[in-house]
Amino acid sequence: MQRRYRTIKDLKINESAKAISFEDSNLACKLTSMGVLPGTRIEMIRTSPFGSAYYVKADGVRLALREEEAASILLEI
Amino acid sequence: MHGDGDSHPLKIALIGNPNSGKSTVFNQLTGLRQRTGNFPGVTVEVKEGTIHFPNSQEAVLYDFPGTYSLYPTSSDEKVVATVMCNPVDPFFPDVLLYVADVTKLEKHLLLFTQLLDLKLPIVLALNMADSAAGLGIKINSQKLSEIFGVPVVPISGRTGHNTMRLLLEMEKLVTQNASIVRPAFYPLTESEKQVVEAVRLNLSIEEPYRALLIAHHANWLPFLKNTEKETVAAILDTKKFQSLRAQVDETLERYDRFTPITQATISTPPAFPNTGTDRIDAILTHRIWGPTVFFLVMLLVFQAIFDWSTYPMDWIEQGFGMLAEFFTSKLPAAWYTELLTDGILAGLGGILVFVPQIALLFFLISILEEIGYMSRVVFMFDKTMRRFGMNGRSMVSLISGSACAVPAIMSSRTISNWQERLITVMVTPFISCSARIPVYLVLIGLAVPAIKIAGVFNLQSLVFGAMYLLGLLTAFLAGWAMKRWLNRREHSFLAIELPVYRMPHWKNVFLNVWENVRSFIAGAGKIILIVSIALWALSRFGPGDAIAQAEKSALVEAAEKGKDSTATEDLVQQRRLEASWAGQAGKWMEPAIRPLGYDWKIGIALLTSFAAREVFTGTLAVLYNMGDQEADITSRTETEAKATLRQKMKAEKFSDSGKPVYSLATALSLLVFYALAMQCFSTLAVVRRETGNWKWAGLQFVCMSMLAYFAAWAVYILFS
């Protein structure tokens with residue numbers, strides 16, 4: 001099956017896209033309580049110095065996410 | 001007065017999201033009337049302070065950990081949910097004070113609406129009203145108050161704006177003491193209703209939302225009985241209730257309900273992007289500049305501890321030296337004068353001399369925390385830390401561990417993954433804390449020559465740095481080993497908010513420093529003082545007339561060898577000590593520590609410093625009968641030709657072989673021992689509390705002691 005979605009991992013620096021759903025329900029619980037909801041625009045700011053973590057902005061909230069956390073957030077194409 | 005009568009102190013809970021400025025509000029309301037349960041015996045880590053209402057009534061204010069939701073993901077956040085689910089909890093409040101950051105109200109109301117549904121009296125404080133006005137944000141707090149049915153007060157924790165109004169509103173709620181009739185903010189879904197009814201019936205809980213919370217959290221809530229947990233599990237099972245799904249749905253529903261409210265009551269200018277923070281982060285979290293700046297900051301911190309703090313330390317030492325001299329000259333030469341100068345004053349000086357370093361370290365670390373830098377460190381080093389079984393958040397623990405392991409271990413509570421948190425707790429004591437500094441200083445001064453290497457680096461400073469490196473490397477190695485050993489696959493989060501940079505609020509910084517210094521003096525200080533006094537007694541008295549006998553034979557021996565009066569006095573002191581209780585204990589353990597190059601006097605110091613390692617220098621000072629001259633041991637200027645501890649130690653010889661006790665090999669072996677051994681009772685007690693049982697604390701103690709013993713042994717063999 002062809003991949004019909006992309007995740008935060010696929011964003012380039014300074015690119016942004018709307019989040020559609022959170023695939024990991026534990027993380028969904030955490031992110032929604034922090035105010036990052038489905039439908040929020042997420043912007044990639046930079047990757048961490050030693051890799052494997054992302055600095056993103058979601059509706060004014062600055063967030064650090066791990067690679068696999070970023071990969072569990074599906075974005076609008 | 002409140003309903004339950006005078007016996008029950010009025011309790012107010014301060015709750016809010018992380019970075020809502022909650023602790024600033026707490027400090028504004030309580031000032032110096034606050035304390036933390038930093039030391040054993042407190043089960044929940046909650047700061048408490050006293051507040052005075054305008055009508056002169058008093059209440060206890062509890063500062064709960066910053067929390068996003070009643071659906072917690074870390075043990076820090078679990079505290080709030082635990083207390084709110086259990087009306088008989090000792091921390092369960094009469095009134096809630098909810099603090100929200102006005103500039104982020106559209107996010108900070110989630111927890112507030114959850115608390116609303118628990119039907120407790122609440123005051124909503126809209127913090128940072130001053131910066132909101134500056135940003136052009138207008139709030140209709142009157143309308144907010146009408147919609148939620150609770151008093152709403154715009155405040156500023158920083159300037160103290162409206163603090164009085166806040167107090168008056170809380171006072172009103174306290175005196176009214178009316179039962180709360182409020183429609184539920186969040187309407188339960190059909191399946192939630194069924195679960196809630198069953199839980200209410202079986203566990204006899206009145207509030208529907210509390211019953212729902214208990215249904216969600218039954219598997220970990222500490223106050224539920226096992227039978228109750230089973231009942232709830234059975235209910236969830238028969239109703240096929242999907243807890244996580246329901247939590248997310250409820251959260252989203254709440255946002256849907258309060259977002260229109262914030263939109264109707266707050267007028268925000270189109271965007272306030274905080275470009276300052278973005279510009280700073282472009283450097284501070286940069287691929288190359290980020291770690292570089294971090295390294296420089298750490299260098300500055302250590303420079304502060306080792307260099308700047310020597311001035312106040314010298315003053316304290318000189319002060320105690322003068323005090324002891326004063327008492328020796330004014331009081332008659334009796335046992336109680338000795339107790340005062342050699343026991344109590346020597347012990348007190350040994351405690352207070354650390355205060356400048358501890359204060360400075362906590363000062364710098366709280367500034368880093370206050371301005372928001374720590375979460376950037378977490379972001380940058382998450383990957384590195386995970387290699388060693390930890391979490392980016394463990395960096396905060398390891399950095400604080402260079403001040404003191406006790407608060408450092410407590411700061412690991414923000415780590416949601418159990419294994420990462422456990423490893424952080426287990427390895428943090430390897431980081432050289434401020435209590436090891438005086439031990440290092442004495443031993444390095446003794447064994448390492450003060451020469452320059454390559455014309456620039458002081459060899460003593462290099463060895464000092466190497467001790468820190470040794471602790472750090474061992475911590476990472478131990479983390480790596482534990483990761484391999486435990487190897488649990490469990491959900492692990494980073495997902496951390498990187499707050500907007502702010503100027504530090506100095507009141508918070510100073511209160512934090514004060515709190516930590518005070519608990520150091522009260523907690524560790526008490527142990528040191530008791531040990532110093534006990535030690536003085538044990539080394540002054542002995543079994544039967546052993547001491548008198550030893551004195552007599554020493555005098556005879558000195559006369560035979562034709563020694564002068566000072567040499568005779570030294571010999572007498574030496575023999576008396578050998579015959580004392582402490583001497584006997586040291587001799588008894590000498591065979592066990594001889595392979596490491598230690599004699600019985602070091603043995604006594606090892607024994608006494610088991611409770612707190614900083615006792616080591618104090619013990620040696622008492623053992624070598626330094627009394628007031630102990631003052632000189634940590635001073636680096638050796639202008640006065642006094643018989644300092646260092647010089648006395650240098651002259652020390654093994655009684656059988658006649659070789660000097662403090663060779664390079666022995667000193668290095670001792671250094672390694674003190675770097676690696678778990679010699680701090682307060683830390684062990686905190687580890688027990690944080691991990692839930694003695695198993696991990698015991699394992700930590702045994703492993704660290706064994707590692708220290710064998711590493712010290714290896715070093716001794718290598719260098720002798």
# chains A, B, ... in the order shown; residues from 1 in each chain; ligands from 1
>>> interface_residues(of="chain A", to="chain B", cutoff="7 Å", atoms="only C-alpha atoms", output="list in words")
Ser25, Ala28, Cys29, Lys30, Thr32, Ser33, Met34, Gly35, Ser48, Pro49, Phe50, Ser52, Arg62, Leu63, Ala64, Leu65 and Arg66 of chain A
>>> write_last_selection(atoms="N, CA, C and O atoms", output="PDB file, in the first residue's frame")
ATOM      1  N   SER A  25      -1.760   6.506  21.685  1.00  0.00           N
ATOM      2  CA  SER A  25      -2.781   7.083  22.563  1.00  0.00           C
ATOM      3  C   SER A  25      -2.209   7.637  23.866  1.00  0.00           C
ATOM      4  O   SER A  25      -2.748   8.581  24.423  1.00  0.00           O
ATOM      5  N   ALA A  28      -0.999  10.945  22.853  1.00  0.00           N
ATOM      6  CA  ALA A  28      -2.166  11.780  22.566  1.00  0.00           C
ATOM      7  C   ALA A  28      -2.698  12.398  23.848  1.00  0.00           C
ATOM      8  O   ALA A  28      -3.037  13.577  23.904  1.00  0.00           O
ATOM      9  N   CYS A  29      -2.723  11.582  24.893  1.00  0.00           N
ATOM     10  CA  CYS A  29      -3.207  12.041  26.189  1.00  0.00           C
ATOM     11  C   CYS A  29      -2.333  13.193  26.692  1.00  0.00           C
ATOM     12  O   CYS A  29      -2.829  14.229  27.144  1.00  0.00           O
ATOM     13  N   LYS A  30      -1.021  13.009  26.566  1.00  0.00           N
ATOM     14  CA  LYS A  30      -0.064  14.019  27.024  1.00  0.00           C
ATOM     15  C   LYS A  30      -0.176  15.296  26.181  1.00  0.00           C
ATOM     16  O   LYS A  30      -0.279  16.403  26.714  1.00  0.00           O
ATOM     17  N   THR A  32      -2.580  16.402  24.125  1.00  0.00           N
ATOM     18  CA  THR A  32      -3.841  17.151  24.214  1.00  0.00           C
ATOM     19  C   THR A  32      -3.916  17.913  25.524  1.00  0.00           C
ATOM     20  O   THR A  32      -4.382  19.045  25.562  1.00  0.00           O
ATOM     21  N   SER A  33      -3.401  17.315  26.612  1.00  0.00           N
ATOM     22  CA  SER A  33      -3.462  18.044  27.873  1.00  0.00           C
ATOM     23  C   SER A  33      -2.513  19.248  27.864  1.00  0.00           C
ATOM     24  O   SER A  33      -2.699  20.198  28.608  1.00  0.00           O
ATOM     25  N   MET A  34      -1.493  19.212  26.987  1.00  0.00           N
ATOM     26  CA  MET A  34      -0.615  20.378  26.857  1.00  0.00           C
ATOM     27  C   MET A  34      -1.182  21.394  25.883  1.00  0.00           C
ATOM     28  O   MET A  34      -0.578  22.448  25.660  1.00  0.00           O
ATOM     29  N   GLY A  35      -2.291  21.089  25.274  1.00  0.00           N
ATOM     30  CA  GLY A  35      -2.928  22.043  24.369  1.00  0.00           C
ATOM     31  C   GLY A  35      -2.565  21.856  22.918  1.00  0.00           C
ATOM     32  O   GLY A  35      -2.853  22.710  22.090  1.00  0.00           O
ATOM     33  N   SER A  48      17.635  18.436  17.068  1.00  0.00           N
ATOM     34  CA  SER A  48      18.514  18.609  18.223  1.00  0.00           C
ATOM     35  C   SER A  48      19.965  18.397  17.812  1.00  0.00           C
ATOM     36  O   SER A  48      20.237  17.757  16.797  1.00  0.00           O
ATOM     37  N   PRO A  49      20.907  18.953  18.588  1.00  0.00           N
ATOM     38  CA  PRO A  49      22.332  18.897  18.205  1.00  0.00           C
ATOM     39  C   PRO A  49      22.826  17.480  17.917  1.00  0.00           C
ATOM     40  O   PRO A  49      23.610  17.276  17.018  1.00  0.00           O
ATOM     41  N   PHE A  50      22.374  16.508  18.707  1.00  0.00           N
ATOM     42  CA  PHE A  50      22.882  15.159  18.500  1.00  0.00           C
ATOM     43  C   PHE A  50      21.848  14.285  17.780  1.00  0.00           C
ATOM     44  O   PHE A  50      21.923  13.071  17.813  1.00  0.00           O
ATOM     45  N   SER A  52      17.832  13.013  16.549  1.00  0.00           N
ATOM     46  CA  SER A  52      16.784  12.189  17.159  1.00  0.00           C
ATOM     47  C   SER A  52      15.769  12.937  18.020  1.00  0.00           C
ATOM     48  O   SER A  52      14.919  12.323  18.639  1.00  0.00           O
ATOM     49  N   ARG A  62       5.981  25.908  22.263  1.00  0.00           N
ATOM     50  CA  ARG A  62       7.246  25.347  21.765  1.00  0.00           C
ATOM     51  C   ARG A  62       7.439  23.988  22.424  1.00  0.00           C
ATOM     52  O   ARG A  62       7.328  23.863  23.636  1.00  0.00           O
ATOM     53  N   LEU A  63       7.704  22.988  21.595  1.00  0.00           N
ATOM     54  CA  LEU A  63       7.746  21.621  22.101  1.00  0.00           C
ATOM     55  C   LEU A  63       9.000  20.906  21.643  1.00  0.00           C
ATOM     56  O   LEU A  63       9.478  21.163  20.540  1.00  0.00           O
ATOM     57  N   ALA A  64       9.522  20.025  22.494  1.00  0.00           N
ATOM     58  CA  ALA A  64      10.570  19.117  22.058  1.00  0.00           C
ATOM     59  C   ALA A  64       9.963  17.731  21.951  1.00  0.00           C
ATOM     60  O   ALA A  64       9.312  17.257  22.873  1.00  0.00           O
ATOM     61  N   LEU A  65      10.134  17.090  20.803  1.00  0.00           N
ATOM     62  CA  LEU A  65       9.584  15.748  20.579  1.00  0.00           C
ATOM     63  C   LEU A  65      10.690  14.812  20.137  1.00  0.00           C
ATOM     64  O   LEU A  65      11.597  15.208  19.401  1.00  0.00           O
ATOM     65  N   ARG A  66      10.590  13.556  20.569  1.00  0.00           N
ATOM     66  CA  ARG A  66      11.522  12.546  20.080  1.00  0.00           C
ATOM     67  C   ARG A  66      11.128  12.111  18.685  1.00  0.00           C
ATOM     68  O   ARG A  66       9.970  12.286  18.284  1.00  0.00           O
TER      69      ARG A  66
END
>>> select_by_dssp(residues="chain A", states="helix (DSSP H, G or I)", output="PyMOL selection string")
chain A and resi 8-10+25-33+67-71
>>> write_last_selection(atoms="N, CA, C and O atoms", output="mmCIF file, in the first residue's frame")
data_model
loop_
_atom_site.group_PDB
_atom_site.id
_atom_site.type_symbol
_atom_site.label_atom_id
_atom_site.label_comp_id
_atom_site.auth_asym_id
_atom_site.auth_seq_id
_atom_site.Cartn_x
_atom_site.Cartn_y
_atom_site.Cartn_z
ATOM 1 N N ILE A 8 5.367 14.350 11.322
ATOM 2 C CA ILE A 8 6.236 15.487 11.637
ATOM 3 C C ILE A 8 7.662 15.223 11.161
ATOM 4 O O ILE A 8 8.373 16.118 10.738
ATOM 5 N N LYS A 9 8.059 13.946 11.220
ATOM 6 C CA LYS A 9 9.399 13.575 10.771
ATOM 7 C C LYS A 9 9.668 13.988 9.330
ATOM 8 O O LYS A 9 10.811 14.228 8.956
ATOM 9 N N ASP A 10 8.594 14.040 8.538
ATOM 10 C CA ASP A 10 8.778 14.351 7.120
ATOM 11 C C ASP A 10 8.851 15.845 6.849
ATOM 12 O O ASP A 10 9.114 16.266 5.726
ATOM 13 N N SER A 25 -1.760 6.506 21.685
ATOM 14 C CA SER A 25 -2.781 7.083 22.563
ATOM 15 C C SER A 25 -2.209 7.637 23.866
ATOM 16 O O SER A 25 -2.748 8.581 24.423
ATOM 17 N N ASN A 26 -1.073 7.073 24.355
ATOM 18 C CA ASN A 26 -0.439 7.657 25.548
ATOM 19 C C ASN A 26 0.059 9.063 25.254
ATOM 20 O O ASN A 26 -0.141 9.989 26.035
ATOM 21 N N LEU A 27 0.700 9.201 24.099
ATOM 22 C CA LEU A 27 1.229 10.510 23.718
ATOM 23 C C LEU A 27 0.071 11.465 23.440
ATOM 24 O O LEU A 27 0.144 12.657 23.765
ATOM 25 N N ALA A 28 -0.999 10.945 22.853
ATOM 26 C CA ALA A 28 -2.166 11.780 22.566
ATOM 27 C C ALA A 28 -2.698 12.398 23.848
ATOM 28 O O ALA A 28 -3.037 13.577 23.904
ATOM 29 N N CYS A 29 -2.723 11.582 24.893
ATOM 30 C CA CYS A 29 -3.207 12.041 26.189
ATOM 31 C C CYS A 29 -2.333 13.193 26.692
ATOM 32 O O CYS A 29 -2.829 14.229 27.144
ATOM 33 N N LYS A 30 -1.021 13.009 26.566
ATOM 34 C CA LYS A 30 -0.064 14.019 27.024
ATOM 35 C C LYS A 30 -0.176 15.296 26.181
ATOM 36 O O LYS A 30 -0.279 16.403 26.714
ATOM 37 N N LEU A 31 -0.162 15.128 24.863
ATOM 38 C CA LEU A 31 -0.155 16.303 23.981
ATOM 39 C C LEU A 31 -1.452 17.098 24.087
ATOM 40 O O LEU A 31 -1.424 18.328 24.142
ATOM 41 N N THR A 32 -2.580 16.402 24.125
ATOM 42 C CA THR A 32 -3.841 17.151 24.214
ATOM 43 C C THR A 32 -3.916 17.913 25.524
ATOM 44 O O THR A 32 -4.382 19.045 25.562
ATOM 45 N N SER A 33 -3.401 17.315 26.612
ATOM 46 C CA SER A 33 -3.462 18.044 27.873
ATOM 47 C C SER A 33 -2.513 19.248 27.864
ATOM 48 O O SER A 33 -2.699 20.198 28.608
ATOM 49 N N GLU A 67 12.075 11.470 18.017
ATOM 50 C CA GLU A 67 11.836 10.968 16.662
ATOM 51 C C GLU A 67 10.562 10.112 16.598
ATOM 52 O O GLU A 67 9.699 10.350 15.772
ATOM 53 N N GLU A 68 10.453 9.136 17.504
ATOM 54 C CA GLU A 68 9.302 8.228 17.392
ATOM 55 C C GLU A 68 8.009 8.912 17.806
ATOM 56 O O GLU A 68 6.934 8.551 17.348
ATOM 57 N N GLU A 69 8.114 9.936 18.669
ATOM 58 C CA GLU A 69 6.923 10.703 19.020
ATOM 59 C C GLU A 69 6.459 11.503 17.806
ATOM 60 O O GLU A 69 5.270 11.554 17.489
ATOM 61 N N ALA A 70 7.449 12.107 17.121
ATOM 62 C CA ALA A 70 7.137 12.884 15.927
ATOM 63 C C ALA A 70 6.521 11.982 14.862
ATOM 64 O O ALA A 70 5.607 12.385 14.138
ATOM 65 N N ALA A 71 7.010 10.737 14.788
ATOM 66 C CA ALA A 71 6.524 9.822 13.757
ATOM 67 C C ALA A 71 5.106 9.344 14.033
ATOM 68 O O ALA A 71 4.448 8.803 13.156
#
>>> closest_residue(among="B:Ala215, B:Val672, B:Leu126, B:Val439", to="Leu469 (chain B)", atoms="only C-alpha atoms")
B:Val672
>>> closest_residue(among="A:Val56, A:Ile77, A:Thr7, A:Lys18", to="Glu43 (chain A)", atoms="only C-alpha atoms")
A:Val56
>>> select_by_dssp(residues="chain A", states="strand (DSSP E)", output="VMD selection string")
chain A and resid 6 to 7 16 to 22 41 to 47 53 to 58 61 to 66 73 to 75
>>> atom_distance(atom1="CA of Arg182 (chain B)", atom2="CA of Pro260 (chain B)")
19.4 Å
>>> decode(residues="chain A", atoms="C-alpha atoms", output="compact mmCIF listing (two decimals), in the first residue's frame")
# COMPACT_ATOMS: atom_id res chain seq x y z
CA MET A 1 0.00 0.00 0.00
CA GLN A 2 1.28 3.42 -0.86
CA ARG A 3 1.80 5.79 2.04
CA ARG A 4 -1.13 8.19 2.06
CA TYR A 5 0.03 10.31 4.98
CA ARG A 6 3.10 12.01 6.34
CA THR A 7 4.30 12.74 9.86
CA ILE A 8 6.24 15.49 11.64
CA LYS A 9 9.40 13.58 10.77
CA ASP A 10 8.78 14.35 7.12
CA LEU A 11 8.62 18.12 7.66
CA LYS A 12 11.53 20.22 6.45
CA ILE A 13 12.91 23.02 8.62
CA ASN A 14 10.44 25.94 8.75
CA GLU A 15 7.76 23.89 7.01
CA SER A 16 4.40 23.53 8.72
CA ALA A 17 1.29 21.40 8.39
CA LYS A 18 -1.94 20.65 10.24
CA ALA A 19 -1.96 17.65 12.57
CA ILE A 20 -4.75 15.20 11.79
CA SER A 21 -4.40 12.52 14.41
CA PHE A 22 -2.14 11.10 17.07
CA GLU A 23 -1.44 7.41 16.55
CA ASP A 24 -0.01 6.77 20.01
CA SER A 25 -2.78 7.08 22.56
CA ASN A 26 -0.44 7.66 25.55
CA LEU A 27 1.23 10.51 23.72
CA ALA A 28 -2.17 11.78 22.57
CA CYS A 29 -3.21 12.04 26.19
CA LYS A 30 -0.06 14.02 27.02
CA LEU A 31 -0.16 16.30 23.98
CA THR A 32 -3.84 17.15 24.21
CA SER A 33 -3.46 18.04 27.87
CA MET A 34 -0.62 20.38 26.86
CA GLY A 35 -2.93 22.04 24.37
CA VAL A 36 -1.68 20.42 21.18
CA LEU A 37 -4.88 19.20 19.56
CA PRO A 38 -5.73 17.55 16.27
CA GLY A 39 -6.12 20.40 13.79
CA THR A 40 -3.25 22.39 15.30
CA ARG A 41 -0.66 23.69 12.80
CA ILE A 42 2.75 22.27 13.62
CA GLU A 43 5.91 23.96 12.42
CA MET A 44 9.33 22.31 12.34
CA ILE A 45 11.95 24.64 13.82
CA ARG A 46 15.11 22.54 14.12
CA THR A 47 16.57 19.17 15.00
CA SER A 48 18.51 18.61 18.22
CA PRO A 49 22.33 18.90 18.20
CA PHE A 50 22.88 15.16 18.50
CA GLY A 51 19.88 14.22 16.38
CA SER A 52 16.78 12.19 17.16
CA ALA A 53 14.73 15.01 18.71
CA TYR A 54 12.80 17.87 17.11
CA TYR A 55 12.04 21.40 18.21
CA VAL A 56 8.56 22.22 16.90
CA LYS A 57 6.01 24.98 17.40
CA ALA A 58 2.36 24.15 17.73
CA ASP A 59 -0.08 27.03 18.09
CA GLY A 60 2.36 29.15 20.10
CA VAL A 61 3.57 26.22 22.23
CA ARG A 62 7.25 25.35 21.76
CA LEU A 63 7.75 21.62 22.10
CA ALA A 64 10.57 19.12 22.06
CA LEU A 65 9.58 15.75 20.58
CA ARG A 66 11.52 12.55 20.08
CA GLU A 67 11.84 10.97 16.66
CA GLU A 68 9.30 8.23 17.39
CA GLU A 69 6.92 10.70 19.02
CA ALA A 70 7.14 12.88 15.93
CA ALA A 71 6.52 9.82 13.76
CA SER A 72 3.27 9.06 15.58
CA ILE A 73 1.67 12.40 14.69
CA LEU A 74 -0.03 12.27 11.30
CA LEU A 75 -0.21 15.42 9.22
CA GLU A 76 -2.38 16.68 6.44
CA ILE A 77 -0.81 16.10 3.01
